$ cat start-v9.txt   # compact mmCIF, N, CA and C atoms
# COMPACT_ATOMS: atom_id res chain seq x y z
N MET A 1 -151.45 27.35 -128.39
CA MET A 1 -152.58 28.17 -128.78
C MET A 1 -152.52 28.40 -130.29
N THR A 2 -153.65 28.25 -130.96
CA THR A 2 -153.73 28.45 -132.40
C THR A 2 -154.27 29.84 -132.68
N PHE A 3 -153.63 30.53 -133.62
CA PHE A 3 -154.10 31.84 -134.00
C PHE A 3 -154.93 31.75 -135.27
N ILE A 4 -155.97 32.54 -135.34
CA ILE A 4 -156.86 32.57 -136.50
C ILE A 4 -156.34 33.64 -137.45
N PRO A 5 -156.20 33.32 -138.73
CA PRO A 5 -155.77 34.35 -139.70
C PRO A 5 -156.71 35.56 -139.65
N LYS A 6 -156.16 36.73 -139.91
CA LYS A 6 -156.90 38.00 -139.76
C LYS A 6 -158.22 38.01 -140.52
N GLU A 7 -158.23 37.56 -141.78
CA GLU A 7 -159.47 37.59 -142.57
C GLU A 7 -160.55 36.70 -141.94
N GLU A 8 -160.15 35.53 -141.45
CA GLU A 8 -161.11 34.63 -140.81
C GLU A 8 -161.63 35.24 -139.51
N TYR A 9 -160.74 35.84 -138.74
CA TYR A 9 -161.16 36.45 -137.47
C TYR A 9 -162.15 37.59 -137.73
N GLU A 10 -161.92 38.38 -138.76
CA GLU A 10 -162.84 39.47 -139.09
C GLU A 10 -164.22 38.92 -139.46
N LYS A 11 -164.27 37.77 -140.15
CA LYS A 11 -165.55 37.14 -140.47
C LYS A 11 -166.26 36.68 -139.19
N ILE A 12 -165.49 36.16 -138.24
CA ILE A 12 -166.05 35.75 -136.96
C ILE A 12 -166.64 36.96 -136.24
N LEU A 13 -165.89 38.07 -136.21
CA LEU A 13 -166.37 39.29 -135.55
C LEU A 13 -167.68 39.80 -136.16
N GLU A 14 -167.86 39.59 -137.46
CA GLU A 14 -169.09 40.03 -138.13
C GLU A 14 -170.31 39.22 -137.68
N CYS A 15 -170.08 37.97 -137.21
CA CYS A 15 -171.18 37.05 -136.94
C CYS A 15 -171.41 36.71 -135.47
N LEU A 16 -170.36 36.78 -134.66
CA LEU A 16 -170.45 36.24 -133.30
C LEU A 16 -169.92 37.21 -132.25
N PRO A 17 -170.48 37.15 -131.04
CA PRO A 17 -169.86 37.89 -129.94
C PRO A 17 -168.56 37.19 -129.53
N ILE A 18 -167.66 37.94 -128.94
CA ILE A 18 -166.38 37.41 -128.49
C ILE A 18 -166.42 37.31 -126.97
N LEU A 19 -166.04 36.15 -126.45
CA LEU A 19 -166.03 35.91 -125.01
C LEU A 19 -164.69 36.38 -124.42
N CYS A 20 -164.78 37.26 -123.44
CA CYS A 20 -163.58 37.87 -122.85
C CYS A 20 -163.62 37.82 -121.32
N VAL A 21 -162.45 37.99 -120.72
CA VAL A 21 -162.36 38.25 -119.29
C VAL A 21 -161.92 39.70 -119.11
N ASP A 22 -162.49 40.37 -118.14
CA ASP A 22 -162.02 41.68 -117.69
C ASP A 22 -161.47 41.47 -116.29
N CYS A 23 -160.23 41.89 -116.07
CA CYS A 23 -159.55 41.69 -114.79
C CYS A 23 -159.65 42.96 -113.96
N VAL A 24 -160.52 42.93 -112.98
CA VAL A 24 -160.68 44.07 -112.07
C VAL A 24 -159.66 43.85 -110.95
N ILE A 25 -158.45 44.35 -111.21
CA ILE A 25 -157.33 44.13 -110.30
C ILE A 25 -157.31 45.24 -109.26
N THR A 26 -157.34 44.86 -107.99
CA THR A 26 -157.30 45.85 -106.92
C THR A 26 -156.03 45.71 -106.10
N TYR A 27 -155.64 46.84 -105.52
CA TYR A 27 -154.50 46.88 -104.61
C TYR A 27 -154.71 48.08 -103.70
N GLU A 28 -154.73 47.83 -102.41
CA GLU A 28 -154.93 48.88 -101.41
C GLU A 28 -156.13 49.77 -101.74
N GLY A 29 -157.25 49.13 -102.11
CA GLY A 29 -158.51 49.83 -102.31
C GLY A 29 -158.67 50.54 -103.65
N LYS A 30 -157.71 50.38 -104.56
CA LYS A 30 -157.82 51.03 -105.87
C LYS A 30 -157.77 49.98 -106.97
N CYS A 31 -158.40 50.32 -108.11
CA CYS A 31 -158.43 49.43 -109.27
C CYS A 31 -157.42 49.88 -110.31
N LEU A 32 -156.84 48.91 -111.00
CA LEU A 32 -155.89 49.21 -112.06
C LEU A 32 -156.64 49.41 -113.37
N LEU A 33 -156.39 50.55 -114.02
CA LEU A 33 -156.96 50.84 -115.32
C LEU A 33 -155.82 51.11 -116.31
N LEU A 34 -155.96 50.58 -117.52
CA LEU A 34 -154.96 50.76 -118.57
C LEU A 34 -155.57 51.56 -119.70
N ARG A 35 -154.78 52.46 -120.32
CA ARG A 35 -155.29 53.23 -121.47
C ARG A 35 -154.95 52.47 -122.76
N ARG A 36 -155.99 52.19 -123.53
CA ARG A 36 -155.86 51.40 -124.76
C ARG A 36 -155.25 52.21 -125.90
N THR A 37 -154.41 51.55 -126.71
CA THR A 37 -153.82 52.21 -127.88
C THR A 37 -154.42 51.70 -129.19
N ASN A 38 -155.39 50.78 -129.10
CA ASN A 38 -156.01 50.26 -130.32
C ASN A 38 -157.53 50.28 -130.20
N ASP A 39 -158.18 50.22 -131.36
CA ASP A 39 -159.64 50.13 -131.39
C ASP A 39 -160.05 48.70 -131.06
N PRO A 40 -161.23 48.50 -130.49
CA PRO A 40 -162.18 49.53 -130.06
C PRO A 40 -161.76 50.20 -128.75
N ALA A 41 -162.36 51.32 -128.48
CA ALA A 41 -162.14 52.11 -127.26
C ALA A 41 -160.72 52.66 -127.16
N LYS A 42 -160.10 52.95 -128.30
CA LYS A 42 -158.77 53.56 -128.31
C LYS A 42 -158.78 54.86 -127.51
N GLY A 43 -157.78 55.02 -126.63
CA GLY A 43 -157.68 56.23 -125.82
C GLY A 43 -158.47 56.18 -124.52
N HIS A 44 -159.28 55.15 -124.33
CA HIS A 44 -160.06 55.00 -123.10
C HIS A 44 -159.31 54.12 -122.09
N TYR A 45 -159.57 54.38 -120.84
CA TYR A 45 -159.04 53.52 -119.78
C TYR A 45 -160.01 52.36 -119.59
N TRP A 46 -159.44 51.19 -119.36
CA TRP A 46 -160.22 49.98 -119.21
C TRP A 46 -159.42 49.02 -118.34
N PHE A 47 -160.06 47.95 -117.93
CA PHE A 47 -159.38 46.91 -117.18
C PHE A 47 -158.49 46.10 -118.12
N PRO A 48 -157.43 45.48 -117.59
CA PRO A 48 -156.71 44.49 -118.38
C PRO A 48 -157.68 43.35 -118.70
N GLY A 49 -157.44 42.68 -119.80
CA GLY A 49 -158.29 41.55 -120.14
C GLY A 49 -158.24 41.24 -121.61
N GLY A 50 -159.04 40.27 -122.01
CA GLY A 50 -159.08 39.87 -123.41
C GLY A 50 -159.75 38.53 -123.60
N ARG A 51 -159.56 37.98 -124.78
CA ARG A 51 -160.25 36.76 -125.17
C ARG A 51 -159.86 35.55 -124.33
N ILE A 52 -160.86 34.70 -124.13
CA ILE A 52 -160.65 33.41 -123.49
C ILE A 52 -160.39 32.40 -124.61
N ASN A 53 -159.36 31.60 -124.45
CA ASN A 53 -159.03 30.58 -125.45
C ASN A 53 -159.89 29.33 -125.24
N LYS A 54 -160.15 28.62 -126.33
CA LYS A 54 -160.91 27.37 -126.23
C LYS A 54 -160.17 26.41 -125.30
N GLY A 55 -160.91 25.81 -124.37
CA GLY A 55 -160.32 24.88 -123.42
C GLY A 55 -159.69 25.53 -122.21
N GLU A 56 -159.70 26.86 -122.17
CA GLU A 56 -159.09 27.59 -121.05
C GLU A 56 -160.16 27.93 -120.02
N LEU A 57 -159.90 27.63 -118.76
CA LEU A 57 -160.82 28.00 -117.70
C LEU A 57 -160.81 29.51 -117.50
N ILE A 58 -161.94 30.06 -117.07
CA ILE A 58 -162.06 31.50 -116.84
C ILE A 58 -160.98 31.98 -115.88
N VAL A 59 -160.78 31.27 -114.80
CA VAL A 59 -159.76 31.64 -113.80
C VAL A 59 -158.39 31.71 -114.46
N ASP A 60 -158.06 30.71 -115.25
CA ASP A 60 -156.74 30.67 -115.91
C ASP A 60 -156.61 31.80 -116.93
N ALA A 61 -157.68 32.10 -117.66
CA ALA A 61 -157.64 33.19 -118.63
C ALA A 61 -157.40 34.53 -117.93
N ALA A 62 -158.07 34.74 -116.80
CA ALA A 62 -157.91 35.99 -116.05
C ALA A 62 -156.48 36.14 -115.53
N ILE A 63 -155.94 35.08 -114.97
CA ILE A 63 -154.56 35.13 -114.47
C ILE A 63 -153.59 35.38 -115.62
N ARG A 64 -153.81 34.70 -116.76
CA ARG A 64 -152.94 34.87 -117.93
C ARG A 64 -153.00 36.30 -118.46
N LYS A 65 -154.22 36.83 -118.64
CA LYS A 65 -154.35 38.18 -119.20
C LYS A 65 -153.78 39.24 -118.26
N ALA A 66 -153.98 39.06 -116.95
CA ALA A 66 -153.39 40.01 -116.00
C ALA A 66 -151.88 40.02 -116.13
N ARG A 67 -151.28 38.84 -116.21
CA ARG A 67 -149.82 38.73 -116.33
C ARG A 67 -149.33 39.32 -117.67
N GLU A 68 -150.00 38.95 -118.78
CA GLU A 68 -149.57 39.42 -120.10
C GLU A 68 -149.65 40.94 -120.23
N GLU A 69 -150.71 41.53 -119.73
CA GLU A 69 -150.94 42.96 -119.96
C GLU A 69 -150.32 43.86 -118.91
N THR A 70 -150.00 43.31 -117.72
CA THR A 70 -149.49 44.17 -116.65
C THR A 70 -148.18 43.68 -116.03
N GLY A 71 -147.85 42.43 -116.23
CA GLY A 71 -146.68 41.87 -115.58
C GLY A 71 -146.92 41.50 -114.12
N LEU A 72 -148.12 41.73 -113.62
CA LEU A 72 -148.42 41.50 -112.21
C LEU A 72 -148.82 40.05 -111.94
N THR A 73 -148.44 39.58 -110.78
CA THR A 73 -148.94 38.31 -110.27
C THR A 73 -150.17 38.64 -109.42
N CYS A 74 -151.28 38.00 -109.77
CA CYS A 74 -152.55 38.31 -109.09
C CYS A 74 -153.20 37.05 -108.55
N HIS A 75 -153.92 37.23 -107.47
CA HIS A 75 -154.73 36.17 -106.87
C HIS A 75 -156.16 36.35 -107.38
N PHE A 76 -156.73 35.30 -107.96
CA PHE A 76 -158.11 35.33 -108.42
C PHE A 76 -159.01 35.27 -107.19
N ASP A 77 -159.93 36.23 -107.05
CA ASP A 77 -160.84 36.27 -105.91
C ASP A 77 -162.19 35.66 -106.27
N LYS A 78 -162.90 36.29 -107.24
CA LYS A 78 -164.25 35.81 -107.57
C LYS A 78 -164.74 36.45 -108.86
N LEU A 79 -165.79 35.85 -109.41
CA LEU A 79 -166.50 36.46 -110.54
C LEU A 79 -167.42 37.53 -109.97
N ILE A 80 -167.43 38.71 -110.60
CA ILE A 80 -168.28 39.77 -110.04
C ILE A 80 -169.44 40.15 -110.93
N SER A 81 -169.32 39.96 -112.24
CA SER A 81 -170.46 40.27 -113.11
C SER A 81 -170.17 39.79 -114.52
N ILE A 82 -171.20 39.78 -115.31
CA ILE A 82 -171.08 39.56 -116.75
C ILE A 82 -171.63 40.81 -117.40
N GLU A 83 -170.84 41.41 -118.25
CA GLU A 83 -171.21 42.65 -118.93
C GLU A 83 -171.16 42.41 -120.44
N GLU A 84 -171.79 43.27 -121.20
CA GLU A 84 -171.71 43.23 -122.65
C GLU A 84 -171.28 44.59 -123.15
N THR A 85 -170.51 44.58 -124.22
CA THR A 85 -170.16 45.84 -124.87
C THR A 85 -170.44 45.70 -126.36
N MET A 86 -170.94 46.77 -126.92
CA MET A 86 -171.19 46.85 -128.36
C MET A 86 -170.36 48.03 -128.86
N PHE A 87 -169.43 47.75 -129.73
CA PHE A 87 -168.55 48.78 -130.28
C PHE A 87 -168.90 49.02 -131.73
N PRO A 88 -169.41 50.21 -132.07
CA PRO A 88 -169.65 50.50 -133.48
C PRO A 88 -168.32 50.60 -134.22
N LYS A 89 -168.32 50.23 -135.49
CA LYS A 89 -167.11 50.30 -136.31
C LYS A 89 -166.55 51.72 -136.28
N GLU A 90 -165.24 51.81 -135.99
CA GLU A 90 -164.55 53.10 -136.01
C GLU A 90 -163.08 52.85 -136.28
N GLY A 91 -162.36 53.90 -136.62
CA GLY A 91 -160.92 53.79 -136.83
C GLY A 91 -160.58 52.67 -137.80
N ASN A 92 -159.66 51.79 -137.39
CA ASN A 92 -159.22 50.71 -138.29
C ASN A 92 -159.98 49.39 -138.06
N MET A 93 -161.13 49.46 -137.41
CA MET A 93 -161.92 48.25 -137.17
C MET A 93 -162.56 47.78 -138.48
N ALA A 94 -162.62 46.46 -138.69
CA ALA A 94 -163.22 45.90 -139.89
C ALA A 94 -164.75 45.90 -139.82
N CYS A 95 -165.31 45.86 -138.59
CA CYS A 95 -166.76 45.80 -138.42
C CYS A 95 -167.11 46.17 -136.98
N ASP A 96 -168.41 46.23 -136.70
CA ASP A 96 -168.85 46.40 -135.31
C ASP A 96 -168.37 45.19 -134.52
N VAL A 97 -168.16 45.39 -133.21
CA VAL A 97 -167.70 44.30 -132.35
C VAL A 97 -168.64 44.18 -131.15
N HIS A 98 -169.00 42.94 -130.83
CA HIS A 98 -169.84 42.65 -129.67
C HIS A 98 -169.02 41.72 -128.77
N THR A 99 -168.82 42.13 -127.52
CA THR A 99 -168.10 41.26 -126.57
C THR A 99 -169.00 40.93 -125.39
N VAL A 100 -168.80 39.75 -124.85
CA VAL A 100 -169.40 39.33 -123.59
C VAL A 100 -168.23 39.22 -122.62
N ASN A 101 -168.26 40.04 -121.57
CA ASN A 101 -167.13 40.20 -120.67
C ASN A 101 -167.45 39.58 -119.31
N ILE A 102 -166.68 38.58 -118.94
CA ILE A 102 -166.79 37.98 -117.61
C ILE A 102 -165.82 38.77 -116.72
N CYS A 103 -166.38 39.53 -115.78
CA CYS A 103 -165.56 40.41 -114.94
C CYS A 103 -165.12 39.65 -113.69
N CYS A 104 -163.82 39.63 -113.48
CA CYS A 104 -163.21 38.86 -112.40
C CYS A 104 -162.49 39.79 -111.43
N HIS A 105 -162.83 39.69 -110.16
CA HIS A 105 -162.08 40.45 -109.16
C HIS A 105 -160.80 39.71 -108.86
N MET A 106 -159.69 40.44 -108.93
CA MET A 106 -158.37 39.87 -108.67
C MET A 106 -157.61 40.81 -107.76
N GLU A 107 -156.76 40.25 -106.93
CA GLU A 107 -155.96 41.07 -106.02
C GLU A 107 -154.50 40.98 -106.44
N ALA A 108 -153.88 42.14 -106.68
CA ALA A 108 -152.45 42.17 -107.00
C ALA A 108 -151.67 41.89 -105.73
N LEU A 109 -150.65 41.06 -105.84
CA LEU A 109 -149.83 40.75 -104.68
C LEU A 109 -148.91 41.92 -104.34
N SER A 110 -148.57 42.73 -105.35
CA SER A 110 -147.84 43.99 -105.16
C SER A 110 -148.09 44.82 -106.41
N GLN A 111 -147.65 46.05 -106.40
CA GLN A 111 -147.79 46.87 -107.60
C GLN A 111 -146.42 47.27 -108.15
N GLU A 112 -145.37 46.75 -107.56
CA GLU A 112 -144.02 47.16 -107.94
C GLU A 112 -143.55 46.61 -109.27
N SER A 113 -144.04 45.46 -109.68
CA SER A 113 -143.53 44.84 -110.90
C SER A 113 -144.36 45.17 -112.14
N ILE A 114 -145.19 46.20 -112.08
CA ILE A 114 -146.07 46.49 -113.22
C ILE A 114 -145.26 46.88 -114.46
N LYS A 115 -145.66 46.25 -115.56
CA LYS A 115 -145.05 46.54 -116.86
C LYS A 115 -146.14 46.33 -117.90
N ILE A 116 -146.71 47.42 -118.40
CA ILE A 116 -147.83 47.29 -119.33
C ILE A 116 -147.34 46.86 -120.71
N ASP A 117 -148.23 46.20 -121.43
CA ASP A 117 -147.88 45.65 -122.74
C ASP A 117 -147.96 46.72 -123.83
N LYS A 118 -147.69 46.31 -125.08
CA LYS A 118 -147.64 47.25 -126.21
C LYS A 118 -149.01 47.75 -126.65
N TYR A 119 -150.10 47.20 -126.11
CA TYR A 119 -151.44 47.63 -126.48
C TYR A 119 -152.00 48.71 -125.56
N HIS A 120 -151.16 49.18 -124.65
CA HIS A 120 -151.54 50.22 -123.69
C HIS A 120 -150.39 51.21 -123.55
N ASP A 121 -150.72 52.47 -123.25
CA ASP A 121 -149.64 53.46 -123.13
C ASP A 121 -149.63 54.19 -121.79
N ASP A 122 -150.55 53.84 -120.89
CA ASP A 122 -150.58 54.47 -119.58
C ASP A 122 -151.39 53.58 -118.64
N TYR A 123 -151.17 53.77 -117.37
CA TYR A 123 -151.97 53.06 -116.37
C TYR A 123 -152.14 53.96 -115.16
N VAL A 124 -153.18 53.64 -114.39
CA VAL A 124 -153.45 54.38 -113.17
C VAL A 124 -154.15 53.45 -112.19
N TRP A 125 -153.81 53.60 -110.91
CA TRP A 125 -154.56 52.95 -109.83
C TRP A 125 -155.57 53.99 -109.36
N ALA A 126 -156.85 53.68 -109.44
CA ALA A 126 -157.87 54.70 -109.17
C ALA A 126 -159.02 54.13 -108.36
N ASN A 127 -159.58 54.98 -107.49
CA ASN A 127 -160.85 54.65 -106.87
C ASN A 127 -161.95 55.15 -107.82
N MET A 128 -163.20 54.94 -107.46
CA MET A 128 -164.30 55.31 -108.36
C MET A 128 -164.30 56.79 -108.68
N GLU A 129 -164.12 57.62 -107.69
CA GLU A 129 -164.13 59.07 -107.92
C GLU A 129 -163.02 59.48 -108.89
N GLN A 130 -161.84 58.93 -108.72
CA GLN A 130 -160.73 59.24 -109.62
C GLN A 130 -160.99 58.71 -111.02
N ALA A 131 -161.54 57.51 -111.11
CA ALA A 131 -161.82 56.91 -112.41
C ALA A 131 -162.79 57.75 -113.22
N LEU A 132 -163.78 58.33 -112.56
CA LEU A 132 -164.77 59.13 -113.27
C LEU A 132 -164.18 60.43 -113.83
N GLN A 133 -163.01 60.81 -113.37
CA GLN A 133 -162.32 61.99 -113.89
C GLN A 133 -161.49 61.65 -115.13
N LEU A 134 -161.33 60.36 -115.41
CA LEU A 134 -160.55 59.90 -116.56
C LEU A 134 -161.48 59.62 -117.73
N LYS A 135 -160.89 59.40 -118.89
CA LYS A 135 -161.66 58.96 -120.05
C LYS A 135 -161.79 57.44 -119.95
N VAL A 136 -162.78 57.00 -119.16
CA VAL A 136 -163.01 55.56 -118.99
C VAL A 136 -164.16 55.14 -119.89
N HIS A 137 -164.11 53.93 -120.35
CA HIS A 137 -165.22 53.39 -121.11
C HIS A 137 -166.34 53.05 -120.13
N GLU A 138 -167.58 53.20 -120.55
CA GLU A 138 -168.72 52.94 -119.66
C GLU A 138 -168.73 51.51 -119.13
N GLY A 139 -168.09 50.58 -119.82
CA GLY A 139 -168.03 49.19 -119.38
C GLY A 139 -167.22 49.00 -118.10
N VAL A 140 -166.51 50.02 -117.68
CA VAL A 140 -165.69 49.96 -116.48
C VAL A 140 -166.51 50.23 -115.22
N ILE A 141 -167.53 51.05 -115.32
CA ILE A 141 -168.21 51.60 -114.14
C ILE A 141 -168.87 50.52 -113.28
N ASN A 142 -169.74 49.70 -113.84
CA ASN A 142 -170.47 48.71 -113.04
C ASN A 142 -169.54 47.72 -112.34
N PRO A 143 -168.60 47.08 -113.04
CA PRO A 143 -167.71 46.15 -112.33
C PRO A 143 -166.87 46.86 -111.24
N MET A 144 -166.46 48.07 -111.51
CA MET A 144 -165.65 48.80 -110.53
C MET A 144 -166.47 49.08 -109.26
N ARG A 145 -167.72 49.44 -109.42
CA ARG A 145 -168.60 49.69 -108.27
C ARG A 145 -168.70 48.45 -107.39
N LYS A 146 -168.73 47.29 -108.00
CA LYS A 146 -168.88 46.05 -107.26
C LYS A 146 -167.64 45.68 -106.45
N CYS A 147 -166.53 46.35 -106.75
CA CYS A 147 -165.27 46.05 -106.03
C CYS A 147 -164.88 47.15 -105.05
N GLN A 148 -165.67 48.21 -104.93
CA GLN A 148 -165.33 49.32 -104.03
C GLN A 148 -165.92 49.08 -102.67
$ encode --input "start-v9.txt" --output "structure tokens"
Amino acid sequence: MTFIPKEEYEKILECLPILCVDCVITYEGKCLLLRRTNDPAKGHYWFPGGRINKGELIVDAAIRKAREETGLTCHFDKLISIEETMFPKEGNMACDVHTVNICCHMEALSQESIKIDKYHDDYVWANMEQALQLKVHEGVINPMRKCQ
């Protein structure tokens, strides 16, 4: 995988939407939400996920991001929706960010091996009612409804 230098990536963010996967990981009827430690949406709970690499299939990106961000082994079930998020510049962001999120339903084979990455500081398994009591980003609600 090739990494883009920070200045070049910031120029890309100024001009183009970023294609991402959101991993709606379920286990025993609850979804896994992680609290973000970086902008955008710092301090909000969101699904594991992130950018799709060039040449990477959506299924493979979802499995990779679930493993990288949670340590969990997950079974890819299906695509559930395509969402968009628009993040106004805040905190240490270089510019506004526009993402196109392919939301994937995934099933965790267990929840015992969870180990969140350095970009998150908390996690919770929540149903919709519990999620609405948390500081969740609005981008979580529609995909979560489709998996309940």
$ atom_distance --input "start-v9.txt" --atom1 "CA of His44 (chain A)" --atom2 "atom C of Val136 (chain A)"
5.2 Å
$ residues_around --input "start-v9.txt" --residues "region 4-10 of chain A" --least-positions-apart "3" --cutoff "8 Å" --atoms "all atoms listed in the file" --output "ChimeraX atom specification"
/A:1,13-15,94-95
$ closest_residue --input "start-v9.txt" --among "A:Asn38, A:Ser81, A:Asn53, A:Thr73" --to "Ile114 (chain A)" --atoms "only C-alpha atoms"
A:Thr73
$ closest_residue --input "start-v9.txt" --among "A:Leu72, A:Glu56, A:Trp46, A:Pro40" --to "Leu109 (chain A)" --atoms "all atoms listed in the file"
A:Leu72
$ residues_around --input "start-v9.txt" --residues "Glu107 (chain A)" --least-positions-apart "6" --cutoff "8 Å" --atoms "only C-alpha atoms" --output "ChimeraX atom specification"
/A:25-27,74-77
$ atom_distance --input "start-v9.txt" --atom1 "atom N of Ala126 (chain A)" --atom2 "atom C of Leu57 (chain A)"
25.8 Å
$ select_by_dssp --input "start-v9.txt" --residues "chain A" --states "strand (DSSP E or B)" --output "MDAnalysis selection string"
chainID A and resid 18:27 30:36 45:46 49:51 74:87 97:108 120:126 136
$ atom_distance --input "start-v9.txt" --atom1 "CA of Glu83 (chain A)" --atom2 "CA of Glu138 (chain A)"
10.6 Å
$ closest_residue --input "start-v9.txt" --among "A:Gly71, A:Gly55, A:Pro17, A:Gly29" --to "Lys115 (chain A)" --atoms "only N, CA and C atoms"
A:Gly71
$ closest_residue --input "start-v9.txt" --among "A:Arg51, A:His137, A:Arg36, A:Lys42" --to "Cys20 (chain A)" --atoms "only N, CA and C atoms"
A:Arg51
$ select_by_dssp --input "start-v9.txt" --residues "region 41-126 of chain A" --states "alpha helix (DSSP H)" --output "list in words"
Ile58, Val59, Asp60, Ala61, Ala62, Ile63, Arg64, Lys65, Ala66, Arg67, Glu68, Glu69 and Thr70 of chain A
$ write_last_selection --input "start-v9.txt" --atoms "N, CA and C atoms" --output "short mmCIF file (atom, residue, chain, number, x, y, z; two decimals), keeping the file's coordinate frame"
data_model
loop_
_atom_site.label_atom_id
_atom_site.label_comp_id
_atom_site.auth_asym_id
_atom_site.auth_seq_id
_atom_site.Cartn_x
_atom_site.Cartn_y
_atom_site.Cartn_z
N ILE A 58 -161.94 30.06 -117.07
CA ILE A 58 -162.06 31.50 -116.84
C ILE A 58 -160.98 31.98 -115.88
N VAL A 59 -160.78 31.27 -114.80
CA VAL A 59 -159.76 31.64 -113.80
C VAL A 59 -158.39 31.71 -114.46
N ASP A 60 -158.06 30.71 -115.25
CA ASP A 60 -156.74 30.67 -115.91
C ASP A 60 -156.61 31.80 -116.93
N ALA A 61 -157.68 32.10 -117.66
CA ALA A 61 -157.64 33.19 -118.63
C ALA A 61 -157.40 34.53 -117.93
N ALA A 62 -158.07 34.74 -116.80
CA ALA A 62 -157.91 35.99 -116.05
C ALA A 62 -156.48 36.14 -115.53
N ILE A 63 -155.94 35.08 -114.97
CA ILE A 63 -154.56 35.13 -114.47
C ILE A 63 -153.59 35.38 -115.62
N ARG A 64 -153.81 34.70 -116.76
CA ARG A 64 -152.94 34.87 -117.93
C ARG A 64 -153.00 36.30 -118.46
N LYS A 65 -154.22 36.83 -118.64
CA LYS A 65 -154.35 38.18 -119.20
C LYS A 65 -153.78 39.24 -118.26
N ALA A 66 -153.98 39.06 -116.95
CA ALA A 66 -153.39 40.01 -116.00
C ALA A 66 -151.88 40.02 -116.13
N ARG A 67 -151.28 38.84 -116.21
CA ARG A 67 -149.82 38.73 -116.33
C ARG A 67 -149.33 39.32 -117.67
N GLU A 68 -150.00 38.95 -118.78
CA GLU A 68 -149.57 39.42 -120.10
C GLU A 68 -149.65 40.94 -120.23
N GLU A 69 -150.71 41.53 -119.73
CA GLU A 69 -150.94 42.96 -119.96
C GLU A 69 -150.32 43.86 -118.91
N THR A 70 -150.00 43.31 -117.72
CA THR A 70 -149.49 44.17 -116.65
C THR A 70 -148.18 43.68 -116.03
#
